[in-house]
>>> print(open('target.txt').read())   # compact mmCIF, C-alpha atoms and all ligand atoms
# COMPACT_ATOMS: atom_id res chain seq x y z
CA MET V 4 27.85 33.61 0.57
CA ASN V 5 30.46 31.80 -1.53
CA SER V 6 30.80 28.92 0.89
CA ILE V 7 27.02 28.52 0.87
CA LEU V 8 27.07 28.14 -2.91
CA ASN V 9 30.03 25.77 -2.72
CA ASP V 10 28.37 23.59 -0.12
CA ARG V 11 25.15 23.59 -2.12
CA GLU V 12 27.02 22.37 -5.18
CA GLN V 13 28.85 19.74 -3.16
CA ARG V 14 25.60 18.47 -1.76
CA PHE V 15 24.12 18.19 -5.23
CA ASN V 16 27.19 16.27 -6.43
CA GLN V 17 26.77 13.92 -3.47
CA ILE V 18 23.15 13.33 -4.41
CA LEU V 19 24.11 12.54 -8.01
CA LYS V 20 26.79 10.13 -6.77
CA ILE V 21 24.34 8.34 -4.50
CA SER V 22 21.61 8.02 -7.13
CA GLY V 23 24.23 6.86 -9.65
CA TYR V 24 25.56 4.25 -7.25
CA PHE V 25 22.26 2.82 -6.03
CA ARG V 26 20.14 3.58 -9.12
CA LEU V 27 17.39 4.55 -6.73
CA PRO V 28 15.47 7.72 -5.94
CA VAL V 29 17.28 9.97 -3.47
CA LEU V 30 15.66 12.18 -0.86
CA CYS V 31 17.35 15.26 0.54
CA GLY V 32 15.79 17.05 3.52
CA ARG V 33 16.92 20.48 4.69
CA THR V 34 15.59 23.43 6.61
CA ASN V 35 15.20 26.76 4.89
CA PHE V 36 16.34 29.85 6.68
CA PRO V 37 17.02 33.31 5.27
CA GLY V 38 20.41 34.98 5.39
CA PRO V 39 23.96 33.68 5.65
CA GLU V 40 23.74 32.06 9.10
CA LYS V 41 22.13 28.77 8.19
CA ASN V 42 23.36 26.99 11.31
CA ASN V 43 21.73 28.39 14.44
CA GLY V 44 19.50 27.40 17.35
CA LEU V 45 16.34 27.57 15.27
CA THR V 46 17.60 25.55 12.31
CA GLU V 47 19.07 22.99 14.71
CA LYS V 48 15.71 22.43 16.36
CA ALA V 49 13.88 22.37 13.03
CA PHE V 50 16.43 19.95 11.58
CA LEU V 51 16.01 17.60 14.50
CA ALA V 52 12.25 17.59 13.99
CA LEU V 53 12.79 17.08 10.27
CA THR V 54 15.12 14.08 10.66
CA GLU V 55 12.72 12.49 13.18
CA THR V 56 9.84 12.83 10.76
CA ILE V 57 11.83 11.68 7.74
CA GLN V 58 13.11 8.65 9.61
CA ALA V 59 9.62 7.73 10.78
CA THR V 60 8.22 8.13 7.27
CA PHE V 61 11.02 6.81 5.05
CA GLY V 62 13.31 4.84 7.36
CA ALA V 63 11.89 1.44 6.41
CA ALA V 64 12.52 2.14 2.70
CA ALA V 65 16.03 3.54 3.09
CA VAL V 66 19.04 1.49 1.98
CA TYR V 67 21.42 4.36 2.62
CA GLN V 68 21.34 7.32 4.96
CA ASN V 69 23.74 10.12 5.70
CA GLU V 70 23.78 13.58 7.18
CA LEU V 71 25.74 16.39 5.56
CA GLY V 72 26.76 19.67 7.14
CA GLY V 73 28.23 22.91 5.88
CA ALA V 74 27.67 26.63 5.53
CA ASP V 75 24.51 25.85 3.58
CA GLY V 76 23.01 24.12 6.65
CA GLN V 77 22.53 20.52 7.60
CA SER V 78 20.87 18.01 5.33
CA ILE V 79 19.73 14.43 5.56
CA VAL V 80 20.15 12.25 2.48
CA MET V 81 18.56 8.87 1.83
CA ALA V 82 18.48 6.39 -1.05
CA LEU V 83 15.01 4.87 -1.15
CA VAL V 84 13.49 1.64 -2.42
CA LEU V 85 10.38 3.55 -3.43
CA ASP V 86 8.86 4.91 -6.59
CA SER V 87 10.12 8.50 -6.85
CA LEU V 88 6.64 9.96 -7.37
CA THR V 89 5.35 8.17 -4.28
CA ALA V 90 8.33 9.47 -2.32
CA LYS V 91 7.67 13.01 -3.55
CA LYS V 92 4.02 12.75 -2.51
CA MET V 93 5.05 11.66 0.98
CA ALA V 94 7.61 14.48 1.16
CA VAL V 95 5.08 17.14 0.14
CA LYS V 96 2.66 15.77 2.72
CA ILE V 97 5.26 16.33 5.44
CA GLU V 98 5.93 19.87 4.15
CA GLU V 99 2.20 20.59 4.26
CA ASP V 100 1.13 18.81 7.45
CA HIS V 101 4.01 19.22 9.87
CA LEU V 102 3.83 22.21 12.18
CA LEU V 103 7.32 23.18 11.04
CA GLY V 104 6.63 22.14 7.45
CA ARG V 105 7.18 25.61 6.06
CA MET V 106 10.74 25.46 7.34
CA PHE V 107 11.32 22.12 5.62
CA ASP V 108 12.61 21.54 2.13
CA ILE V 109 12.38 17.91 1.15
CA ASP V 110 13.62 17.30 -2.36
CA VAL V 111 13.25 14.02 -4.18
CA TYR V 112 15.45 13.05 -7.12
CA ASP V 113 14.59 10.19 -9.46
CA GLU V 114 16.92 7.28 -10.32
CA GLN V 115 18.71 9.50 -12.86
CA GLY V 116 19.23 12.32 -10.38
CA PHE V 117 16.55 14.64 -11.78
CA PRO V 118 14.60 16.55 -9.14
CA LEU V 119 10.83 16.08 -9.05
CA GLY V 120 8.85 19.30 -8.87
CA ARG V 121 5.60 19.87 -7.05
CA GLU V 122 4.03 20.29 -10.51
CA ALA V 123 4.47 16.55 -11.08
CA LEU V 124 1.86 16.10 -8.35
CA ARG V 125 -0.33 18.95 -9.61
CA LYS V 126 0.32 20.65 -6.30
CA LYS V 127 0.07 24.35 -5.74
CA PRO V 128 3.32 26.23 -5.13
CA ARG V 129 4.39 26.69 -1.54
CA LYS V 130 2.92 29.50 0.46
CA CYS V 131 4.80 32.30 2.15
CA LEU V 132 5.20 31.89 5.90
CA ILE V 133 4.16 35.47 6.51
CA CYS V 134 1.52 36.58 4.01
CA GLY V 135 0.30 33.30 2.53
CA GLN V 136 1.02 34.29 -1.07
CA GLU V 137 3.25 32.24 -3.34
CA ALA V 138 6.54 31.95 -1.42
CA LYS V 139 8.75 32.22 -4.51
CA LEU V 140 7.24 35.58 -5.46
CA CYS V 141 7.79 37.00 -1.97
CA THR V 142 11.41 35.86 -2.02
CA ARG V 143 12.01 37.33 -5.47
CA ALA V 144 10.41 40.67 -4.58
CA GLN V 145 12.07 40.62 -1.13
CA ARG V 146 8.65 41.44 0.25
CA HIS V 147 9.60 40.67 3.85
CA SER V 148 12.73 41.51 5.78
CA VAL V 149 15.05 38.74 6.96
CA ALA V 150 14.29 39.79 10.54
CA GLU V 151 10.57 39.42 9.92
CA VAL V 152 10.96 35.93 8.46
CA ARG V 153 13.25 34.85 11.29
CA GLN V 154 10.75 36.09 13.82
CA ALA V 155 7.97 34.09 12.16
CA MET V 156 10.19 30.99 12.21
CA ALA V 157 11.11 31.52 15.85
CA PHE V 158 7.40 31.65 16.63
CA LEU V 159 6.81 28.43 14.69
CA VAL V 160 9.59 26.61 16.52
CA LYS V 161 8.22 27.82 19.84
CA SER V 162 4.71 26.62 18.98
CA TYR V 163 6.17 23.29 17.94
CA GLU V 164 7.98 22.91 21.24
CA GLU V 165 4.82 23.87 23.13
CA SER V 166 2.77 21.32 21.17
CA LYS V 167 5.27 18.57 21.94
CA LYS V 168 4.80 19.07 25.67
CA TYR V 169 1.32 17.65 25.41
CA TYR V 170 2.39 14.47 23.68
CA VAL V 171 5.18 13.20 25.91
ZN ZN S 201 4.90 36.84 1.71
>>> encode(input="target.txt", output="structure tokens", more="lines below")
Ligand SMILES: [Zn+2]
Amino acid sequence: MNSILNDREQRFNQILKISGYFRLPVLCGRTNFPGPEKNNGLTEKAFLALTETIQATFGAAAVYQNELGGADGQSIVMALVLDSLTAKKMAVKIEEDHLLGRMFDIDVYDEQGFPLGREALRKKPRKCLICGQEAKLCTRAQRHSVAEVRQAMAFLVKSYEESKKYYV
């Protein structure tokens, strides 16, 4: 777990560096997955879908883009010529509308490197993948087993792949 924490801290330092350098809002997209194995077949597929969506949505506004890896999982980082609140709105829309949205974590930091919360948009907290209650509370109370959450995510990824077949 130590390397996960280290990589998380490194990623945050990177984000601060990028926002300090460009003086622009910074977006950081990741997949969330329970347990220590953050790099696996499921997160790879979800990350690919995430980067596709982020590029389609934010690519035109990005002056910088990079992908970071590590024990904490992959992440895509962009510096954006966009108002940070607008960027956060667009990010939340992806989290809510995309079939894999509940596996996505898209953070937006303002020009000073402060993260924007969902509260800034008067948005409700994120819902749990399994029971639909507030996700944070389920995590804190460890209401669902890691295996149960993984299974739900595997099902999501499968549905996503099925849905894509009809659009090629
Ligand atoms: Zn739950």
>>> atom_distance(input="target.txt", atom1="CA of Pro37 in chain V", atom2="CA of Lys126 in chain V")
23.9 Å
>>> residues_near_point(input="target.txt", point="(17.7, 4.6, -0.3)", cutoff="9 Å", atoms="only C-alpha atoms", output="list in words")
Ile21, Ser22, Phe25, Leu27, Pro28, Val29, Leu30, Phe61, Gly62, Ala64, Ala65, Val66, Tyr67, Gln68, Val80, Met81, Ala82, Leu83, Val84 and Leu85 of chain V
>>> atom_distance(input="target.txt", atom1="CA of Phe107 in chain V", atom2="CA of Arg33 in chain V")
5.9 Å
>>> closest_residue(input="target.txt", among="V:Ala157, V:Cys134, V:Val149, V:Leu102", to="ligand ZN 201 (chain S)", atoms="only C-alpha atoms and all ligand atoms")
V:Cys134
>>> residues_near_ligand(input="target.txt", ligand="ligand ZN 201 (chain S)", cutoff="7 Å", atoms="all atoms listed in the file", output="tab-separated table (two decimals) with C-alpha atoms, keeping the file's coordinate frame")
chain	number	residue	atom	x	y	z
V	131	CYS	CA	4.80	32.30	2.15
V	132	LEU	CA	5.20	31.89	5.90
V	133	ILE	CA	4.16	35.47	6.51
V	134	CYS	CA	1.52	36.58	4.01
V	135	GLY	CA	0.30	33.30	2.53
V	136	GLN	CA	1.02	34.29	-1.07
V	138	ALA	CA	6.54	31.95	-1.42
V	141	CYS	CA	7.79	37.00	-1.97
V	146	ARG	CA	8.65	41.44	0.25
V	147	HIS	CA	9.60	40.67	3.85
>>> closest_residue(input="target.txt", among="V:Ala49, V:Ile18, V:Ala123, V:Cys31", to="Leu88 in chain V", atoms="all atoms listed in the file")
V:Ala123
>>> atom_distance(input="target.txt", atom1="CA of Ile97 in chain V", atom2="CA of Gly73 in chain V")
23.9 Å
>>> closest_residue(input="target.txt", among="V:Leu45, V:Ala74, V:Ala144, V:Leu19", to="Ile7 in chain V", atoms="only C-alpha atoms")
V:Ala74
>>> residues_near_point(input="target.txt", point="(1.6, 20.1, 4.6)", cutoff="12 Å", atoms="all atoms listed in the file", output="list in words")
Lys92, Met93, Ala94, Val95, Lys96, Ile97, Glu98, Glu99, Asp100, His101, Leu102, Leu103, Gly104, Arg105, Met106, Phe107, Asp108, Ile109, Lys126, Lys127, Pro128, Arg129 and Lys130 of chain V
>>> closest_residue(input="target.txt", among="V:Thr89, V:Thr56, V:Gln145, V:Gly116", to="Lys20 in chain V", atoms="all atoms listed in the file")
V:Gly116
>>> closest_residue(input="target.txt", among="V:Glu70, V:Asp75, V:Glu164, V:Glu114", to="Ala90 in chain V", atoms="all atoms listed in the file")
V:Glu114
>>> closest_residue(input="target.txt", among="V:Ile79, V:Arg143, V:Glu137, V:Thr46", to="Met156 in chain V", atoms="all atoms listed in the file")
V:Thr46
